[in-house]
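Okay, my_file21.cif is below, mmCIF, C-alpha atoms:
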```cif
data_structure
#
loop_
_atom_site.label_atom_id
_atom_site.label_comp_id
_atom_site.auth_asym_id
_atom_site.auth_seq_id
_atom_site.Cartn_x
_atom_site.Cartn_y
_atom_site.Cartn_z
CA MET I 1 38.46 -46.17 -22.16
CA PRO I 2 36.77 -49.55 -22.77
CA VAL I 3 37.37 -50.88 -26.28
CA SER I 4 33.61 -51.32 -26.80
CA ASN I 5 33.13 -47.54 -26.61
CA VAL I 6 35.62 -46.62 -29.31
CA PHE I 7 33.43 -47.49 -32.30
CA GLN I 8 29.96 -47.37 -30.78
CA SER I 9 27.32 -46.23 -33.26
CA TYR I 10 24.97 -43.29 -32.73
CA ALA I 11 22.15 -41.77 -34.76
CA ALA I 12 20.81 -38.28 -35.43
CA ILE I 13 17.18 -38.18 -36.57
CA THR I 14 15.58 -34.96 -37.85
CA LEU I 15 11.86 -34.70 -38.57
CA GLY I 16 11.48 -31.81 -41.00
CA SER I 17 8.34 -30.45 -42.66
CA ASN I 18 9.43 -31.90 -46.01
CA SER I 19 11.90 -34.72 -45.27
CA PHE I 20 12.67 -37.06 -42.39
CA ASN I 21 16.40 -37.86 -42.15
CA MET I 22 18.58 -40.23 -40.17
CA LEU I 23 22.39 -40.34 -40.04
CA VAL I 24 24.14 -43.25 -38.35
CA ALA I 25 27.75 -42.54 -37.39
CA GLN I 26 30.79 -43.58 -35.37
CA THR I 27 33.48 -41.28 -34.05
CA VAL I 28 36.82 -41.67 -35.81
CA GLY I 29 39.67 -39.27 -35.00
CA ASN I 30 37.39 -37.12 -32.80
CA LYS I 31 34.96 -36.53 -35.69
CA PRO I 32 31.64 -38.19 -36.57
CA THR I 33 32.05 -40.52 -39.55
CA VAL I 34 28.72 -41.31 -41.22
CA ILE I 35 28.25 -45.02 -41.90
CA ALA I 36 24.64 -44.92 -43.15
CA LYS I 37 22.09 -42.33 -44.36
CA TYR I 38 18.32 -42.67 -44.59
CA LYS I 39 15.90 -40.10 -46.00
CA ARG I 40 12.24 -40.04 -46.92
CA LYS I 41 10.15 -37.21 -48.39
CA VAL I 42 7.31 -37.40 -45.86
CA ARG I 43 6.07 -33.84 -46.67
CA LEU I 44 4.56 -33.51 -43.21
CA ALA I 45 3.46 -29.90 -43.79
CA GLU I 46 1.08 -31.09 -46.55
CA GLY I 47 -1.13 -32.56 -43.85
CA ILE I 48 -1.81 -29.36 -41.87
CA GLY I 49 -5.55 -28.70 -42.15
CA ASP I 50 -7.52 -25.50 -41.71
CA ASP I 51 -8.19 -26.58 -38.13
CA GLY I 52 -4.44 -26.68 -37.40
CA ASN I 53 -4.39 -30.46 -37.02
CA LEU I 54 -2.17 -32.90 -38.91
CA SER I 55 -4.30 -35.23 -41.05
CA GLU I 56 -4.41 -38.94 -40.24
CA ASP I 57 -3.00 -40.08 -43.59
CA VAL I 58 0.03 -37.77 -43.37
CA MET I 59 0.54 -38.69 -39.71
CA LEU I 60 0.63 -42.36 -40.77
CA ARG I 61 3.17 -41.45 -43.48
CA GLY I 62 5.41 -39.99 -40.78
CA LEU I 63 4.94 -42.90 -38.37
CA ASP I 64 5.69 -45.39 -41.16
CA CYS I 65 9.00 -43.62 -41.79
CA LEU I 66 9.82 -43.76 -38.07
CA ALA I 67 9.17 -47.53 -38.14
CA MET I 68 11.74 -47.82 -40.95
CA PHE I 69 14.21 -45.75 -38.91
CA ALA I 70 13.61 -47.98 -35.86
CA SER I 71 14.35 -51.06 -37.94
CA MET I 72 17.60 -49.51 -39.20
CA LEU I 73 18.64 -48.53 -35.65
CA GLU I 74 18.28 -52.17 -34.68
CA GLN I 75 20.21 -53.31 -37.75
CA HIS I 76 23.11 -50.96 -36.91
CA HIS I 77 23.03 -51.94 -33.19
CA VAL I 78 22.50 -48.34 -32.05
CA ALA I 79 21.77 -48.13 -28.33
CA ILE I 80 18.69 -46.04 -27.55
CA ASP I 81 20.80 -43.75 -25.32
CA ASN I 82 22.87 -42.91 -28.40
CA VAL I 83 19.96 -41.48 -30.40
CA ALA I 84 18.81 -37.85 -30.75
CA VAL I 85 15.44 -37.08 -32.37
CA PHE I 86 14.76 -33.43 -33.22
CA ALA I 87 11.64 -32.08 -34.94
CA THR I 88 11.13 -28.70 -36.61
CA ALA I 89 8.43 -26.36 -37.95
CA THR I 90 5.40 -28.62 -38.51
CA LEU I 91 5.59 -30.31 -35.12
CA ARG I 92 6.08 -26.84 -33.60
CA VAL I 93 2.75 -25.56 -34.93
CA ILE I 94 0.20 -28.40 -35.27
CA ASN I 95 -2.52 -28.68 -32.62
CA ASN I 96 -2.30 -32.47 -32.38
CA ALA I 97 1.47 -32.69 -31.88
CA ASP I 98 0.87 -34.54 -28.59
CA GLU I 99 -0.88 -37.34 -30.49
CA PHE I 100 2.03 -37.67 -32.91
CA HIS I 101 4.45 -37.89 -29.94
CA ARG I 102 2.25 -40.46 -28.20
CA ARG I 103 2.06 -42.71 -31.26
CA ALA I 104 5.74 -42.27 -32.18
CA LEU I 105 7.15 -43.18 -28.75
CA PRO I 106 6.46 -46.95 -28.87
CA ILE I 107 7.88 -47.07 -32.42
CA LEU I 108 11.19 -45.29 -31.76
CA GLN I 109 11.40 -45.99 -28.01
CA HIS I 110 12.78 -42.47 -27.78
CA PRO I 111 11.10 -39.09 -27.16
CA ILE I 112 11.02 -36.42 -29.88
CA GLU I 113 12.47 -33.04 -28.99
CA VAL I 114 10.73 -30.20 -30.82
CA ILE I 115 13.22 -27.37 -31.25
CA SER I 116 12.57 -23.66 -31.75
CA GLY I 117 13.34 -21.94 -35.04
CA LEU I 118 16.32 -20.18 -33.45
CA ARG I 119 17.70 -23.46 -32.08
CA GLU I 120 17.24 -24.99 -35.52
CA ALA I 121 19.16 -22.08 -37.08
CA GLU I 122 22.02 -22.56 -34.60
CA LEU I 123 22.27 -26.30 -35.37
CA ILE I 124 22.09 -25.67 -39.14
CA TYR I 125 25.04 -23.31 -38.88
CA GLN I 126 27.09 -25.74 -36.76
CA GLY I 127 26.29 -28.52 -39.26
CA MET I 128 27.58 -26.28 -42.06
CA VAL I 129 30.77 -25.41 -40.14
CA ALA I 130 31.46 -29.11 -39.42
CA THR I 131 31.19 -30.06 -43.10
CA THR I 132 32.07 -27.04 -45.27
CA GLN I 133 35.48 -25.50 -45.78
CA GLY I 134 35.84 -21.74 -46.09
CA ASP I 135 36.87 -18.57 -44.31
CA GLY I 136 35.31 -15.21 -43.62
CA ARG I 137 31.77 -14.18 -42.85
CA ARG I 138 29.12 -16.45 -44.34
CA LEU I 139 25.36 -16.23 -44.84
CA VAL I 140 23.65 -19.60 -44.59
CA ILE I 141 20.10 -20.04 -45.94
CA ASP I 142 18.13 -23.22 -45.23
CA ILE I 143 14.82 -23.42 -47.14
CA GLY I 144 12.72 -26.19 -45.61
CA GLY I 145 9.15 -27.36 -46.03
CA ALA I 146 7.55 -24.91 -43.59
CA SER I 147 10.32 -22.60 -42.40
CA THR I 148 13.43 -20.89 -43.74
CA GLU I 149 16.42 -20.15 -41.54
CA PHE I 150 18.95 -17.35 -42.09
CA ILE I 151 22.25 -17.36 -40.22
CA ILE I 152 25.30 -15.09 -40.53
CA GLY I 153 28.45 -16.34 -38.86
CA ASP I 154 32.20 -16.00 -38.78
CA GLY I 155 34.05 -19.24 -38.18
CA SER I 156 32.04 -21.13 -35.54
CA LYS I 157 30.57 -17.91 -34.08
CA VAL I 158 26.96 -17.04 -34.94
CA LEU I 159 26.41 -13.29 -35.40
CA PHE I 160 22.76 -13.37 -36.48
CA LYS I 161 20.07 -16.04 -36.72
CA THR I 162 16.37 -16.10 -37.45
CA SER I 163 13.64 -18.48 -38.63
CA VAL I 164 10.86 -17.30 -40.93
CA PRO I 165 7.62 -19.32 -41.33
CA MET I 166 7.81 -19.88 -45.10
CA GLY I 167 8.85 -22.99 -47.00
CA CYS I 168 8.38 -25.11 -50.10
CA VAL I 169 5.51 -27.33 -48.92
CA LEU I 170 3.56 -24.34 -47.59
CA PHE I 171 4.21 -22.42 -50.84
CA ASN I 172 2.90 -25.39 -52.85
CA GLN I 173 -0.42 -25.13 -51.06
CA ARG I 174 -0.58 -21.34 -51.35
CA PHE I 175 0.91 -20.47 -54.75
CA PHE I 176 1.79 -23.57 -56.78
CA ASN I 177 -1.29 -25.80 -56.59
CA GLN I 178 -2.70 -25.46 -60.12
CA TYR I 179 -0.83 -26.54 -63.25
CA PRO I 180 0.23 -25.34 -65.71
CA LEU I 181 1.81 -22.64 -63.55
CA GLN I 182 1.72 -19.00 -64.62
CA ASN I 183 4.04 -16.06 -64.16
CA ILE I 184 1.65 -14.54 -61.61
CA ASP I 185 2.15 -17.58 -59.34
CA PHE I 186 5.86 -16.75 -59.14
CA GLU I 187 5.17 -13.03 -58.74
CA GLN I 188 2.81 -13.61 -55.80
CA ALA I 189 5.27 -16.04 -54.15
CA ILE I 190 8.15 -13.56 -54.55
CA ASP I 191 6.04 -10.72 -53.11
CA TYR I 192 5.21 -12.92 -50.11
CA VAL I 193 8.91 -13.70 -49.49
CA ASN I 194 9.68 -9.97 -49.55
CA VAL I 195 6.98 -9.28 -46.95
CA MET I 196 8.17 -12.13 -44.69
CA LEU I 197 11.79 -11.03 -44.98
CA SER I 198 11.17 -7.30 -44.52
CA GLU I 199 11.80 -7.12 -40.75
CA HIS I 200 15.17 -8.91 -41.08
CA ARG I 201 16.47 -7.56 -44.39
CA GLU I 202 18.14 -4.42 -43.07
CA GLN I 203 20.03 -6.28 -40.33
CA LEU I 204 21.15 -9.00 -42.74
CA LEU I 205 22.47 -6.46 -45.25
CA SER I 206 24.18 -4.33 -42.59
CA LEU I 207 26.14 -7.33 -41.27
CA GLY I 208 27.17 -8.39 -44.78
CA TRP I 209 29.02 -11.54 -45.84
CA GLN I 210 31.80 -12.83 -48.09
CA ALA I 211 29.97 -15.96 -49.25
CA VAL I 212 26.43 -17.37 -49.35
CA LEU I 213 25.70 -21.04 -48.69
CA GLY I 214 22.41 -22.85 -49.17
CA ALA I 215 21.47 -25.92 -47.18
CA SER I 216 18.92 -28.71 -47.53
CA GLY I 217 16.22 -29.63 -50.03
CA ALA I 218 15.46 -26.62 -52.24
CA VAL I 219 19.13 -25.84 -52.92
CA GLN I 220 20.06 -29.53 -53.24
CA SER I 221 17.36 -29.96 -55.91
CA VAL I 222 18.69 -27.09 -58.03
CA VAL I 223 22.30 -28.25 -57.63
CA SER I 224 21.46 -31.87 -58.49
CA VAL I 225 19.82 -30.78 -61.78
CA LEU I 226 22.88 -28.65 -62.63
CA GLN I 227 25.21 -31.57 -61.83
CA HIS I 228 23.10 -33.94 -63.95
CA ARG I 229 23.55 -31.50 -66.84
CA GLN I 230 27.29 -31.32 -66.08
CA CYS I 231 27.01 -27.58 -65.41
CA SER I 232 28.65 -25.55 -62.66
CA ALA I 233 26.96 -26.24 -59.31
CA ILE I 234 27.10 -22.54 -58.35
CA ILE I 235 23.59 -21.04 -58.36
CA THR I 236 23.14 -17.58 -59.91
CA GLN I 237 20.11 -15.41 -60.64
CA GLN I 238 20.50 -16.19 -64.34
CA ILE I 239 20.23 -19.93 -63.61
CA LEU I 240 17.12 -19.40 -61.46
CA LEU I 241 15.42 -17.35 -64.18
CA ALA I 242 16.20 -20.09 -66.72
CA PHE I 243 14.68 -22.72 -64.40
CA LYS I 244 11.59 -20.54 -63.92
CA ALA I 245 11.12 -20.43 -67.71
CA GLU I 246 11.49 -24.23 -67.88
CA ILE I 247 8.92 -24.70 -65.10
CA LEU I 248 6.41 -22.38 -66.84
CA ALA I 249 6.77 -24.46 -70.00
CA GLN I 250 5.62 -27.65 -68.21
CA SER I 251 2.00 -28.77 -68.50
CA ASP I 252 1.63 -30.69 -65.23
CA ALA I 253 3.02 -31.12 -61.73
CA SER I 254 5.40 -33.95 -62.69
CA LEU I 255 7.70 -31.38 -64.42
CA ALA I 256 8.80 -34.39 -66.47
CA GLY I 257 10.22 -32.20 -69.22
CA ILE I 258 12.91 -30.71 -66.97
CA ASN I 259 16.05 -32.66 -67.79
CA GLY I 260 17.77 -34.02 -64.67
CA LEU I 261 14.96 -33.33 -62.19
CA ASP I 262 14.29 -36.31 -59.92
CA ALA I 263 10.61 -37.30 -59.55
CA GLU I 264 10.95 -37.06 -55.77
CA GLN I 265 12.24 -33.48 -56.00
CA ALA I 266 9.68 -32.29 -58.57
CA PRO I 267 6.79 -31.48 -56.17
CA THR I 268 8.70 -28.70 -54.38
CA PHE I 269 10.97 -27.55 -57.22
CA ALA I 270 8.91 -24.55 -58.38
CA ALA I 271 8.46 -23.27 -54.82
CA GLY I 272 12.19 -23.61 -54.14
CA VAL I 273 13.11 -21.72 -57.32
CA ALA I 274 10.62 -18.96 -56.44
CA ILE I 275 11.93 -18.52 -52.88
CA LEU I 276 15.55 -18.50 -54.07
CA THR I 277 14.72 -15.97 -56.82
CA ALA I 278 13.14 -13.64 -54.26
CA LEU I 279 16.11 -13.95 -51.89
CA PHE I 280 18.64 -13.28 -54.68
CA GLU I 281 16.75 -10.09 -55.55
CA SER I 282 16.00 -8.88 -52.01
CA LEU I 283 19.46 -9.57 -50.57
CA SER I 284 21.44 -8.75 -53.75
CA ILE I 285 23.01 -12.24 -53.78
CA SER I 286 25.35 -12.78 -56.73
CA SER I 287 26.03 -16.50 -56.26
CA LEU I 288 25.18 -19.33 -53.86
CA HIS I 289 27.01 -22.60 -53.13
CA LEU I 290 25.59 -25.77 -51.60
CA ALA I 291 26.69 -26.29 -47.99
CA GLY I 292 28.26 -29.62 -47.06
CA GLY I 293 25.77 -30.15 -44.25
CA ALA I 294 22.99 -28.56 -42.24
CA LEU I 295 20.57 -29.51 -39.44
CA ARG I 296 21.13 -33.27 -39.37
CA GLU I 297 24.92 -32.80 -39.38
CA GLY I 298 24.58 -30.22 -36.59
CA VAL I 299 22.54 -32.67 -34.51
CA LEU I 300 25.08 -35.40 -35.25
CA GLN I 301 27.94 -33.20 -34.00
CA LEU I 302 25.94 -32.32 -30.87
CA LEU I 303 25.33 -36.03 -30.21
CA ALA I 304 29.00 -36.91 -30.80
CA ASP I 305 30.04 -34.22 -28.30
CA ARG I 306 27.53 -35.53 -25.74
CA ILE I 307 28.79 -39.10 -26.07
CA ALA I 308 32.44 -37.99 -25.83
CA ALA I 309 31.65 -36.00 -22.65
CA LYS I 310 29.83 -39.00 -21.16
CA GLN I 311 32.82 -41.25 -21.85
CA LEU I 312 35.17 -38.78 -20.17
CA ASP I 313 32.92 -38.74 -17.11
CA ASN I 314 33.02 -42.53 -17.00
CA GLU I 315 36.82 -42.78 -17.16
#
```
Written form, structure tokens:
Amino acid sequence: MPVSNVFQSYAAITLGSNSFNMLVAQTVGNKPTVIAKYKRKVRLAEGIGDDGNLSEDVMLRGLDCLAMFASMLEQHHVAIDNVAVFATATLRVINNADEFHRRALPILQHPIEVISGLREAELIYQGMVATTQGDGRRLVIDIGGASTEFIIGDGSKVLFKTSVPMGCVLFNQRFFNQYPLQNIDFEQAIDYVNVMLSEHREQLLSLGWQAVLGASGAVQSVVSVLQHRQCSAIITQQILLAFKAEILAQSDASLAGINGLDAEQAPTFAAGVAILTALFESLSISSLHLAGGALREGVLQLLADRIAAKQLDNE
């Protein structure tokens, strides 16, 4: 193998409905080793209008983030062939997705692949497996901006996967758009989760699990507040109810009175707590741990495998 290939850099870019992420990595000992991380809360789903189009200002927010990613790709000397760009729920549903693709292509010099909810669920699970120790059957829940994925797996084998069109940014628009929030806002959000989950609940419960893992923004926000307070990072229903009470005591959307809550995480915090509360109740979850990785790590592993296969072919 040529020496130049041993430490070549590659990048996994994921365009979510809440956050855009980029991981830059090199393979060391047959595993991707992340050398740089970039993330921006673009909140793409905020821009979906009644006509089903993404608004110009939110589209520009997304394109501006892609320009930053492109600059970082250049800085890390990542060859364009060593980049994967995957998009999720918002770019699956908007009517003017073609325009976003057309304007993004000259910025990134790389096409965007819009993946299905089931493909997203598969990659989330593989990202968890690659980064999180543990045995036995596991339920993985990934609450995003516009979709939530549920996966049950054993080891690297996926036994069940689904994607439900509900998420924190969409819930903000529907249930959490007037402050101060009231108890009824949470009740309506929880009822909606129960309706959306109803067709999958029986199958999820019949498969069962030994542990529950949460991935991505909503769970990360809760865990980061707990860590700031030097509390256990394990989420329980009691913790969620305490956070709900804290949220209801706040007078405005900044949630500035919640100790340890980052200003960037505040806009989707109430929605995340509501969705988690509903899932704990509906699925009888006793405790939930933060997964080591999710979609972006799954894409990174996929890319690493592709590059390794290409190198073998070239030998």
Inset, instruction - Name all residues at most 12 Å from I:Gln8 (count all atoms listed in the file; drop same-chain ones fewer than 2 positions away) and give them as a list in words. - result: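 Close residues of I:Gln8: Pro2, Val3, Ser4, Asn5, Val6, Tyr10, Ala11, Val24, Ala25, Gln26, Thr27, Val28, Pro32, Thr33, Ile35, His76, His77, Val78, Ala79, Ile80, Asp81, Asn82, Val83, Ala304, Ile307, Ala308 and Gln311 of chain I.
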Skipping near chain neighbours, those fewer than 3 positions away, what residues fall within 8 Å of I:Asn53 using all atoms listed in the file, listed as a PDB file with C-alpha atoms, in the coordinates of the input?
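This is the output file selection-v4.pdb:
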```
ATOM      1  CA  GLY I  47      -1.130 -32.560 -43.850  1.00  0.00           C
ATOM      2  CA  ILE I  48      -1.810 -29.360 -41.870  1.00  0.00           C
ATOM      3  CA  GLY I  49      -5.550 -28.700 -42.150  1.00  0.00           C
ATOM      4  CA  ASP I  50      -7.520 -25.500 -41.710  1.00  0.00           C
ATOM      5  CA  ILE I  94       0.200 -28.400 -35.270  1.00  0.00           C
ATOM      6  CA  ASN I  95      -2.520 -28.680 -32.620  1.00  0.00           C
ATOM      7  CA  ASN I  96      -2.300 -32.470 -32.380  1.00  0.00           C
TER       8      ASN I  96
END
```
Legend entry - the PyMOL selection byres ((chain I and resi 147) around 7) resolved against shown file, as a PyMOL selection string: chain I and resi 89+143-146+148-149+163-167
Inset, instruction - Have a look at I:Asn314, I:Cys168, I:Gln301, I:Arg229 and name the one nearest to I:Asn30; count only C-alpha atoms. - result: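 Looking only at the distances to I:Asn30, the closest residue turns out to be I:Gln301.
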Inset, instruction - Would you write out, as a list in words, every residue that the PyMOL selection byres ((chain I and resi 248) around 7) captures in this file? - result: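 Selected by the PyMOL selection byres ((chain I and resi 248) around 7) here: Pro180, Leu181, Gln182, Lys244, Ala245, Glu246, Ile247, Ala249 and Gln250 of chain I.
Atom CA of I:Phe69 is positioned 26.0 Å from atom CA of I:Phe269.
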Inset, instruction - Would you write out, as a list in words, every residue that the PyMOL selection byres ((chain I and resi 91) around 10) captures in this file? - result: Leu15, Gly16, Ser17, Leu44, Ala45, Leu54, Phe86, Ala87, Thr88, Ala89, Thr90, Arg92, Val93, Ile94, Asn95, Asn96, Ala97, Asp98, Phe100, His101, Ile112, Glu113, Val114 and Ile115 of chain I
Would you kindly place N, CA, C and O atoms on stretch 158-176 of chain I and return the model as a PDB file, keeping the file's coordinate frame?
```pdb
ATOM      1  N   VAL I 158      28.184 -17.538 -34.301  1.00  0.00           N
ATOM      2  CA  VAL I 158      26.960 -17.040 -34.940  1.00  0.00           C
ATOM      3  C   VAL I 158      26.765 -15.571 -34.582  1.00  0.00           C
ATOM      4  O   VAL I 158      26.751 -15.201 -33.410  1.00  0.00           O
ATOM      5  N   LEU I 159      26.605 -14.731 -35.609  1.00  0.00           N
ATOM      6  CA  LEU I 159      26.410 -13.290 -35.400  1.00  0.00           C
ATOM      7  C   LEU I 159      24.944 -12.893 -35.508  1.00  0.00           C
ATOM      8  O   LEU I 159      24.517 -11.898 -34.926  1.00  0.00           O
ATOM      9  N   PHE I 160      24.178 -13.654 -36.284  1.00  0.00           N
ATOM     10  CA  PHE I 160      22.760 -13.370 -36.480  1.00  0.00           C
ATOM     11  C   PHE I 160      22.065 -14.667 -36.857  1.00  0.00           C
ATOM     12  O   PHE I 160      22.598 -15.476 -37.607  1.00  0.00           O
ATOM     13  N   LYS I 161      20.856 -14.861 -36.329  1.00  0.00           N
ATOM     14  CA  LYS I 161      20.070 -16.040 -36.720  1.00  0.00           C
ATOM     15  C   LYS I 161      18.582 -15.710 -36.603  1.00  0.00           C
ATOM     16  O   LYS I 161      18.162 -14.966 -35.719  1.00  0.00           O
ATOM     17  N   THR I 162      17.814 -16.240 -37.533  1.00  0.00           N
ATOM     18  CA  THR I 162      16.370 -16.100 -37.450  1.00  0.00           C
ATOM     19  C   THR I 162      15.710 -17.238 -38.225  1.00  0.00           C
ATOM     20  O   THR I 162      16.349 -17.893 -39.052  1.00  0.00           O
ATOM     21  N   SER I 163      14.440 -17.463 -37.929  1.00  0.00           N
ATOM     22  CA  SER I 163      13.640 -18.480 -38.630  1.00  0.00           C
ATOM     23  C   SER I 163      12.344 -17.821 -39.065  1.00  0.00           C
ATOM     24  O   SER I 163      11.659 -17.196 -38.261  1.00  0.00           O
ATOM     25  N   VAL I 164      12.039 -17.947 -40.354  1.00  0.00           N
ATOM     26  CA  VAL I 164      10.860 -17.300 -40.930  1.00  0.00           C
ATOM     27  C   VAL I 164       9.869 -18.384 -41.375  1.00  0.00           C
ATOM     28  O   VAL I 164      10.279 -19.338 -42.040  1.00  0.00           O
ATOM     29  N   PRO I 165       8.587 -18.266 -41.009  1.00  0.00           N
ATOM     30  CA  PRO I 165       7.620 -19.320 -41.330  1.00  0.00           C
ATOM     31  C   PRO I 165       7.191 -19.348 -42.801  1.00  0.00           C
ATOM     32  O   PRO I 165       6.058 -19.047 -43.153  1.00  0.00           O
ATOM     33  N   MET I 166       8.115 -19.681 -43.674  1.00  0.00           N
ATOM     34  CA  MET I 166       7.810 -19.880 -45.100  1.00  0.00           C
ATOM     35  C   MET I 166       8.663 -21.039 -45.600  1.00  0.00           C
ATOM     36  O   MET I 166       9.792 -21.223 -45.147  1.00  0.00           O
ATOM     37  N   GLY I 167       8.099 -21.835 -46.500  1.00  0.00           N
ATOM     38  CA  GLY I 167       8.850 -22.990 -47.000  1.00  0.00           C
ATOM     39  C   GLY I 167       8.170 -23.594 -48.213  1.00  0.00           C
ATOM     40  O   GLY I 167       7.057 -23.193 -48.599  1.00  0.00           O
ATOM     41  N   CYS I 168       8.826 -24.572 -48.815  1.00  0.00           N
ATOM     42  CA  CYS I 168       8.380 -25.110 -50.100  1.00  0.00           C
ATOM     43  C   CYS I 168       7.030 -25.819 -50.045  1.00  0.00           C
ATOM     44  O   CYS I 168       6.208 -25.672 -50.948  1.00  0.00           O
ATOM     45  N   VAL I 169       6.787 -26.597 -49.001  1.00  0.00           N
ATOM     46  CA  VAL I 169       5.510 -27.330 -48.920  1.00  0.00           C
ATOM     47  C   VAL I 169       4.365 -26.342 -48.691  1.00  0.00           C
ATOM     48  O   VAL I 169       3.306 -26.448 -49.321  1.00  0.00           O
ATOM     49  N   LEU I 170       4.581 -25.365 -47.821  1.00  0.00           N
ATOM     50  CA  LEU I 170       3.560 -24.340 -47.590  1.00  0.00           C
ATOM     51  C   LEU I 170       3.307 -23.523 -48.850  1.00  0.00           C
ATOM     52  O   LEU I 170       2.158 -23.176 -49.163  1.00  0.00           O
ATOM     53  N   PHE I 171       4.363 -23.205 -49.596  1.00  0.00           N
ATOM     54  CA  PHE I 171       4.210 -22.420 -50.840  1.00  0.00           C
ATOM     55  C   PHE I 171       3.468 -23.229 -51.902  1.00  0.00           C
ATOM     56  O   PHE I 171       2.747 -22.647 -52.711  1.00  0.00           O
ATOM     57  N   ASN I 172       3.653 -24.546 -51.904  1.00  0.00           N
ATOM     58  CA  ASN I 172       2.900 -25.390 -52.850  1.00  0.00           C
ATOM     59  C   ASN I 172       1.405 -25.208 -52.639  1.00  0.00           C
ATOM     60  O   ASN I 172       0.640 -25.073 -53.591  1.00  0.00           O
ATOM     61  N   GLN I 173       1.004 -25.227 -51.374  1.00  0.00           N
ATOM     62  CA  GLN I 173      -0.420 -25.130 -51.060  1.00  0.00           C
ATOM     63  C   GLN I 173      -0.966 -23.729 -51.378  1.00  0.00           C
ATOM     64  O   GLN I 173      -2.110 -23.587 -51.785  1.00  0.00           O
ATOM     65  N   ARG I 174      -0.131 -22.720 -51.224  1.00  0.00           N
ATOM     66  CA  ARG I 174      -0.580 -21.340 -51.350  1.00  0.00           C
ATOM     67  C   ARG I 174      -0.463 -20.781 -52.773  1.00  0.00           C
ATOM     68  O   ARG I 174      -1.336 -20.055 -53.236  1.00  0.00           O
ATOM     69  N   PHE I 175       0.625 -21.118 -53.461  1.00  0.00           N
ATOM     70  CA  PHE I 175       0.910 -20.470 -54.750  1.00  0.00           C
ATOM     71  C   PHE I 175       1.038 -21.434 -55.930  1.00  0.00           C
ATOM     72  O   PHE I 175       0.844 -21.021 -57.072  1.00  0.00           O
ATOM     73  N   PHE I 176       1.439 -22.673 -55.667  1.00  0.00           N
ATOM     74  CA  PHE I 176       1.790 -23.570 -56.780  1.00  0.00           C
ATOM     75  C   PHE I 176       0.928 -24.835 -56.773  1.00  0.00           C
ATOM     76  O   PHE I 176       1.432 -25.950 -56.839  1.00  0.00           O
TER      77      PHE I 176
END
```
